[in-house]
file model_36.cif (mmCIF, C-alpha atoms)
data_model
loop_
_atom_site.group_PDB
_atom_site.id
_atom_site.type_symbol
_atom_site.label_atom_id
_atom_site.label_comp_id
_atom_site.auth_asym_id
_atom_site.auth_seq_id
_atom_site.Cartn_x
_atom_site.Cartn_y
_atom_site.Cartn_z
ATOM 1 C CA MET A 911 -50.671 -1.841 22.903
ATOM 2 C CA MET A 912 -48.279 -3.868 25.019
ATOM 3 C CA LYS A 913 -48.804 -6.878 22.761
ATOM 4 C CA LYS A 914 -47.777 -4.866 19.644
ATOM 5 C CA LYS A 915 -44.572 -3.704 21.368
ATOM 6 C CA THR A 916 -43.764 -7.270 22.419
ATOM 7 C CA VAL A 917 -44.334 -8.608 18.903
ATOM 8 C CA GLY A 918 -42.196 -5.802 17.456
ATOM 9 C CA PHE A 919 -39.456 -6.497 19.978
ATOM 10 C CA VAL A 920 -39.523 -10.228 19.187
ATOM 11 C CA LEU A 921 -39.318 -9.484 15.450
ATOM 12 C CA LEU A 922 -36.378 -7.173 16.064
ATOM 13 C CA ILE A 923 -34.578 -9.881 18.064
ATOM 14 C CA VAL A 924 -35.242 -12.462 15.329
ATOM 15 C CA LEU A 925 -33.891 -10.056 12.700
ATOM 16 C CA LEU A 926 -30.744 -9.346 14.740
ATOM 17 C CA LEU A 927 -30.171 -13.058 15.329
ATOM 18 C CA THR A 928 -30.594 -13.746 11.619
ATOM 19 C CA LEU A 929 -28.105 -11.047 10.668
ATOM 20 C CA THR A 930 -25.654 -12.229 13.299
ATOM 21 C CA ALA A 931 -26.005 -15.840 12.116
ATOM 22 C CA CYS A 932 -24.981 -14.684 8.638
ATOM 23 C CA GLY A 933 -21.568 -13.790 10.001
ATOM 24 C CA LYS A 934 -21.857 -10.321 11.422
ATOM 25 C CA PRO A 935 -24.432 -7.744 12.339
ATOM 26 C CA ALA A 936 -25.217 -5.543 9.353
ATOM 27 C CA TRP A 937 -24.501 -2.291 11.220
ATOM 28 C CA ILE A 938 -20.939 -3.241 12.152
ATOM 29 C CA GLY A 939 -19.584 -3.307 8.602
ATOM 30 C CA ASN A 940 -16.448 -5.312 8.025
ATOM 31 C CA GLN A 941 -14.991 -6.949 11.088
ATOM 32 C CA LYS A 942 -11.290 -7.332 11.742
ATOM 33 C CA ALA A 943 -9.949 -10.502 10.214
ATOM 34 C CA GLU A 944 -7.397 -12.775 11.794
ATOM 35 C CA PRO A 945 -3.823 -11.475 11.460
ATOM 36 C CA LEU A 946 -2.280 -12.155 8.076
ATOM 37 C CA GLU A 947 0.416 -14.802 8.206
ATOM 38 C CA GLY A 948 1.309 -15.711 4.643
ATOM 39 C CA THR A 949 4.168 -18.101 4.064
ATOM 40 C CA GLU A 950 4.930 -17.694 0.361
ATOM 41 C CA GLN A 951 7.228 -14.922 -0.825
ATOM 42 C CA LEU A 952 5.883 -12.856 -3.738
ATOM 43 C CA PHE A 953 8.696 -10.357 -4.258
ATOM 44 C CA ASP A 954 12.342 -11.143 -4.973
ATOM 45 C CA LEU A 955 13.534 -7.648 -5.989
ATOM 46 C CA LYS A 956 16.673 -8.866 -7.691
ATOM 47 C CA ALA A 957 18.798 -6.581 -9.852
ATOM 48 C CA TYR A 958 17.560 -5.744 -13.331
ATOM 49 C CA ASP A 959 19.326 -7.684 -16.085
ATOM 50 C CA PRO A 960 18.694 -6.320 -19.605
ATOM 51 C CA GLU A 961 19.239 -9.832 -21.032
ATOM 52 C CA GLU A 962 16.490 -11.346 -18.874
ATOM 53 C CA GLN A 963 13.211 -12.342 -20.473
ATOM 54 C CA VAL A 964 10.126 -12.563 -18.268
ATOM 55 C CA GLU A 965 6.865 -14.221 -19.263
ATOM 56 C CA LEU A 966 3.583 -12.759 -18.043
ATOM 57 C CA SER A 967 0.067 -14.222 -18.045
ATOM 58 C CA TRP A 968 -2.480 -11.960 -19.688
ATOM 59 C CA GLU A 969 -5.954 -12.933 -20.854
ATOM 60 C CA GLY A 970 -5.124 -16.626 -20.818
ATOM 61 C CA GLN A 971 -1.902 -16.264 -22.801
ATOM 62 C CA LYS A 972 1.764 -16.170 -21.884
ATOM 63 C CA MET A 973 3.777 -13.343 -23.402
ATOM 64 C CA THR A 974 7.212 -11.836 -22.970
ATOM 65 C CA GLY A 975 7.135 -8.612 -20.982
ATOM 66 C CA THR A 976 8.870 -5.337 -21.743
ATOM 67 C CA PHE A 977 10.793 -3.697 -18.895
ATOM 68 C CA GLU A 978 9.575 -0.275 -17.714
ATOM 69 C CA ARG A 979 11.507 1.763 -15.121
ATOM 70 C CA HIS A 980 9.799 3.820 -12.437
ATOM 71 C CA PRO A 981 10.469 7.533 -13.137
ATOM 72 C CA THR A 982 11.672 8.361 -9.611
ATOM 73 C CA LEU A 983 12.368 5.099 -7.757
ATOM 74 C CA PRO A 984 15.203 2.637 -8.384
ATOM 75 C CA ILE A 985 12.737 -0.043 -9.430
ATOM 76 C CA GLY A 986 11.043 -1.287 -12.570
ATOM 77 C CA VAL A 987 8.637 -3.941 -13.781
ATOM 78 C CA TYR A 988 7.939 -6.081 -16.831
ATOM 79 C CA LEU A 989 4.698 -5.222 -18.652
ATOM 80 C CA PRO A 990 2.687 -7.180 -21.210
ATOM 81 C CA GLN A 991 2.030 -5.800 -24.665
ATOM 82 C CA GLY A 992 -0.491 -2.957 -24.509
ATOM 83 C CA ALA A 993 0.217 -2.055 -20.871
ATOM 84 C CA SER A 994 1.940 1.209 -20.015
ATOM 85 C CA ALA A 995 3.117 3.503 -17.238
ATOM 86 C CA PHE A 996 0.744 6.353 -16.392
ATOM 87 C CA LYS A 997 0.162 8.944 -13.664
ATOM 88 C CA MET A 998 -2.270 7.936 -10.928
ATOM 89 C CA GLY A 999 -2.570 10.917 -8.595
ATOM 90 C CA ASN A 1000 0.971 11.646 -7.415
ATOM 91 C CA ASP A 1001 2.130 8.114 -8.190
ATOM 92 C CA THR A 1002 3.130 6.219 -11.280
ATOM 93 C CA ALA A 1003 1.104 3.126 -12.045
ATOM 94 C CA TRP A 1004 1.792 0.297 -14.479
ATOM 95 C CA GLY A 1005 -0.877 -1.624 -16.315
ATOM 96 C CA PHE A 1006 -4.084 -0.923 -18.181
ATOM 97 C CA GLN A 1007 -5.649 2.344 -17.036
ATOM 98 C CA SER A 1008 -8.710 1.917 -19.278
ATOM 99 C CA LYS A 1009 -9.356 -1.582 -17.873
ATOM 100 C CA GLN A 1010 -8.624 -0.468 -14.320
ATOM 101 C CA ILE A 1011 -5.943 -3.117 -13.830
ATOM 102 C CA PHE A 1012 -2.719 -1.665 -12.524
ATOM 103 C CA MET A 1013 0.079 -1.864 -9.967
ATOM 104 C CA SER A 1014 1.858 1.007 -8.249
ATOM 105 C CA VAL A 1015 4.933 1.235 -6.016
ATOM 106 C CA THR A 1016 5.622 3.947 -3.458
ATOM 107 C CA LYS A 1017 8.547 4.367 -1.098
ATOM 108 C CA ASN A 1018 8.378 4.639 2.688
ATOM 109 C CA SER A 1019 4.603 4.890 2.748
ATOM 110 C CA LEU A 1020 2.662 3.895 5.798
ATOM 111 C CA ILE A 1021 -0.201 1.477 5.474
ATOM 112 C CA ASP A 1022 -3.105 2.512 7.670
ATOM 113 C CA ALA A 1023 -4.272 -0.792 9.142
ATOM 114 C CA SER A 1024 -7.696 0.662 9.917
ATOM 115 C CA LEU A 1025 -8.336 1.025 6.171
ATOM 116 C CA MET A 1026 -7.415 -2.603 5.467
ATOM 117 C CA ARG A 1027 -10.810 -3.922 6.427
ATOM 118 C CA ASP A 1028 -11.050 -6.481 3.638
ATOM 119 C CA ARG A 1029 -9.025 -9.481 2.536
ATOM 120 C CA THR A 1030 -8.361 -10.978 -0.877
ATOM 121 C CA GLU A 1031 -7.917 -14.667 -0.189
ATOM 122 C CA GLU A 1032 -6.086 -15.274 -3.481
ATOM 123 C CA VAL A 1033 -3.113 -13.188 -2.258
ATOM 124 C CA ALA A 1034 -3.427 -13.733 1.503
ATOM 125 C CA GLY A 1035 -0.821 -16.521 1.380
ATOM 126 C CA TYR A 1036 1.983 -14.086 0.543
ATOM 127 C CA LYS A 1037 4.243 -12.899 3.382
ATOM 128 C CA GLU A 1038 4.240 -9.323 2.128
ATOM 129 C CA TYR A 1039 0.442 -8.978 1.929
ATOM 130 C CA ARG A 1040 -1.002 -6.435 4.386
ATOM 131 C CA GLY A 1041 -4.670 -6.246 3.471
ATOM 132 C CA SER A 1042 -7.184 -4.903 1.002
ATOM 133 C CA ILE A 1043 -9.824 -2.294 0.476
ATOM 134 C CA ASN A 1044 -12.849 -3.334 -1.550
ATOM 135 C CA ASP A 1045 -15.183 -0.477 -2.336
ATOM 136 C CA GLY A 1046 -16.345 -1.877 -5.662
ATOM 137 C CA ARG A 1047 -12.806 -1.611 -6.938
ATOM 138 C CA ILE A 1048 -10.295 -3.806 -5.111
ATOM 139 C CA ALA A 1049 -6.930 -2.489 -3.863
ATOM 140 C CA ASP A 1050 -4.504 -5.027 -2.367
ATOM 141 C CA PHE A 1051 -1.474 -3.762 -0.431
ATOM 142 C CA PHE A 1052 1.935 -5.361 0.089
ATOM 143 C CA GLN A 1053 4.957 -4.153 2.047
ATOM 144 C CA VAL A 1054 8.433 -4.989 0.716
ATOM 145 C CA GLU A 1055 11.801 -4.258 2.304
ATOM 146 C CA HIS A 1056 14.985 -3.889 0.237
ATOM 147 C CA ASP A 1057 18.355 -2.446 1.315
ATOM 148 C CA GLY A 1058 16.833 -0.569 4.247
ATOM 149 C CA GLU A 1059 14.019 0.919 2.150
ATOM 150 C CA THR A 1060 10.334 0.134 2.517
ATOM 151 C CA TYR A 1061 8.209 -0.084 -0.608
ATOM 152 C CA ILE A 1062 4.431 -0.340 -0.703
ATOM 153 C CA VAL A 1063 3.108 -2.176 -3.737
ATOM 154 C CA SER A 1064 -0.582 -1.956 -4.526
ATOM 155 C CA PHE A 1065 -2.737 -3.852 -7.000
ATOM 156 C CA THR A 1066 -5.923 -2.154 -8.195
ATOM 157 C CA TYR A 1067 -8.575 -3.961 -10.225
ATOM 158 C CA LEU A 1068 -12.243 -4.798 -10.696
ATOM 159 C CA ASP A 1069 -12.140 -8.418 -11.913
ATOM 160 C CA LYS A 1070 -10.042 -10.820 -9.779
ATOM 161 C CA ALA A 1071 -10.059 -13.664 -12.286
ATOM 162 C CA LYS A 1072 -8.784 -11.452 -15.076
ATOM 163 C CA ALA A 1073 -6.421 -9.190 -13.138
ATOM 164 C CA LEU A 1074 -4.706 -11.249 -10.450
ATOM 165 C CA PRO A 1075 -2.691 -13.622 -12.680
ATOM 166 C CA LEU A 1076 -1.200 -10.607 -14.468
ATOM 167 C CA LEU A 1077 -0.635 -8.504 -11.348
ATOM 168 C CA ILE A 1078 1.028 -11.394 -9.512
ATOM 169 C CA ASP A 1079 3.343 -11.998 -12.481
ATOM 170 C CA MET A 1080 4.127 -8.275 -12.629
ATOM 171 C CA ALA A 1081 4.892 -8.229 -8.891
ATOM 172 C CA LYS A 1082 7.251 -11.188 -9.306
ATOM 173 C CA SER A 1083 8.965 -9.293 -12.120
ATOM 174 C CA LEU A 1084 9.801 -6.164 -10.074
ATOM 175 C CA ARG A 1085 13.526 -5.451 -10.370
ATOM 176 C CA ILE A 1086 15.937 -3.042 -8.707
ATOM 177 C CA THR A 1087 17.534 -0.680 -11.257
ATOM 178 C CA GLU A 1088 20.374 0.909 -9.264
#
call {"tool": "encode", "arguments": {"input": "model_36.cif", "output": "structure tokens"}}
result
Amino acid sequence: MMKKKTVGFVLLIVLLLTLTACGKPAWIGNQKAEPLEGTEQLFDLKAYDPEEQVELSWEGQKMTGTFERHPTLPIGVYLPQGASAFKMGNDTAWGFQSKQIFMSVTKNSLIDASLMRDRTEEVAGYKEYRGSINDGRIADFFQVEHDGETYIVSFTYLDKAKALPLLIDMAKSLRITE
């Protein structure tokens, strides 16, 4: 009887060591990552100029975007052909709802750091990046300051390779509309 308990205990220890060697114990979930310290600026938030033409990358092609204003905030974004503004809960989102690729902007929102348990390395180099949530669908969060206002920009998508080039271009194309 004692031998069975010892063998079971040894197997349990081996299993725990194996899981720990893989990076983290399975029961802990996602561990806190090192603090984010990006150096590249993603957002410029310059004033909207109706004469400006902005090119966006979408599905391997460059195309000229069409400017779309936010319905309640003094901000807008350039969208590729086929993308649109739509309601996402209480927010307005821009992008492709059917393809689950979109960006939203909210004002004076707080980002709950405890929810940001994941990291998208492809955007971690940006100063404004605050973290991500990956629950099968990825949501990346950025915090932007402009004229004393705080804006939270979020990217939501399923496929990084397809979505991130477009969402990054859209983020760079955000303009102030006051």
call {"tool": "resolve_selection", "arguments": {"input": "model_36.cif", "expression": "the PyMOL selection byres ((chain A and resi 1078) around 10)", "output": "list in words"}}
result
Leu952, Phe953, Leu966, Ser967, Met1013, Val1033, Phe1065, Ala1073, Leu1074, Pro1075, Leu1076, Leu1077, Asp1079, Met1080, Ala1081, Lys1082 and Ser1083 of chain A
call {"tool": "atom_distance", "arguments": {"input": "model_36.cif", "atom1": "CA of Gln951 in chain A", "atom2": "CA of Glu1038 in chain A"}}
result
7.0 Å
call {"tool": "axis_aligned_box", "arguments": {"input": "model_36.cif", "around": "range 993-1001 of chain A", "padding_each_side": "4 Å", "output": "AutoDock Vina command-line options"}}
result
--center_x 0.3 --center_y 4.8 --center_z -14.1 --size_x 13.7 --size_y 21.7 --size_z 21.5
call {"tool": "atom_distance", "arguments": {"input": "model_36.cif", "atom1": "CA of Tyr1061 in chain A", "atom2": "CA of Thr1016 in chain A"}}
result
5.6 Å
call {"tool": "resolve_selection", "arguments": {"input": "model_36.cif", "expression": "the PyMOL selection byres ((chain A and resi 1063) around 6)", "output": "mmCIF file with C-alpha atoms, in the frame of the given file"}}
result
data_model
loop_
_atom_site.group_PDB
_atom_site.id
_atom_site.type_symbol
_atom_site.label_atom_id
_atom_site.label_comp_id
_atom_site.auth_asym_id
_atom_site.auth_seq_id
_atom_site.Cartn_x
_atom_site.Cartn_y
_atom_site.Cartn_z
ATOM 1 C CA SER A 1014 1.858 1.007 -8.249
ATOM 2 C CA VAL A 1015 4.933 1.235 -6.016
ATOM 3 C CA PHE A 1051 -1.474 -3.762 -0.431
ATOM 4 C CA PHE A 1052 1.935 -5.361 0.089
ATOM 5 C CA ILE A 1062 4.431 -0.340 -0.703
ATOM 6 C CA SER A 1064 -0.582 -1.956 -4.526
#
call {"tool": "residues_near_point", "arguments": {"input": "model_36.cif", "point": "(-14.0, -7.1, -7.4)", "cutoff": "9 Å", "atoms": "all atoms listed in the file", "output": "JSON, numbers by chain"}}
result
{"A": [1044, 1045, 1046, 1047, 1048, 1067, 1068, 1069, 1070]}
call {"tool": "resolve_selection", "arguments": {"input": "model_36.cif", "expression": "the PyMOL selection byres ((chain A and resi 979) around 10)", "output": "list in words"}}
result
Tyr958, Phe977, Glu978, His980, Pro981, Thr982, Leu983, Pro984, Ile985, Gly986, Val987, Tyr988, Ala995, Trp1004, Leu1084, Arg1085, Ile1086 and Thr1087 of chain A
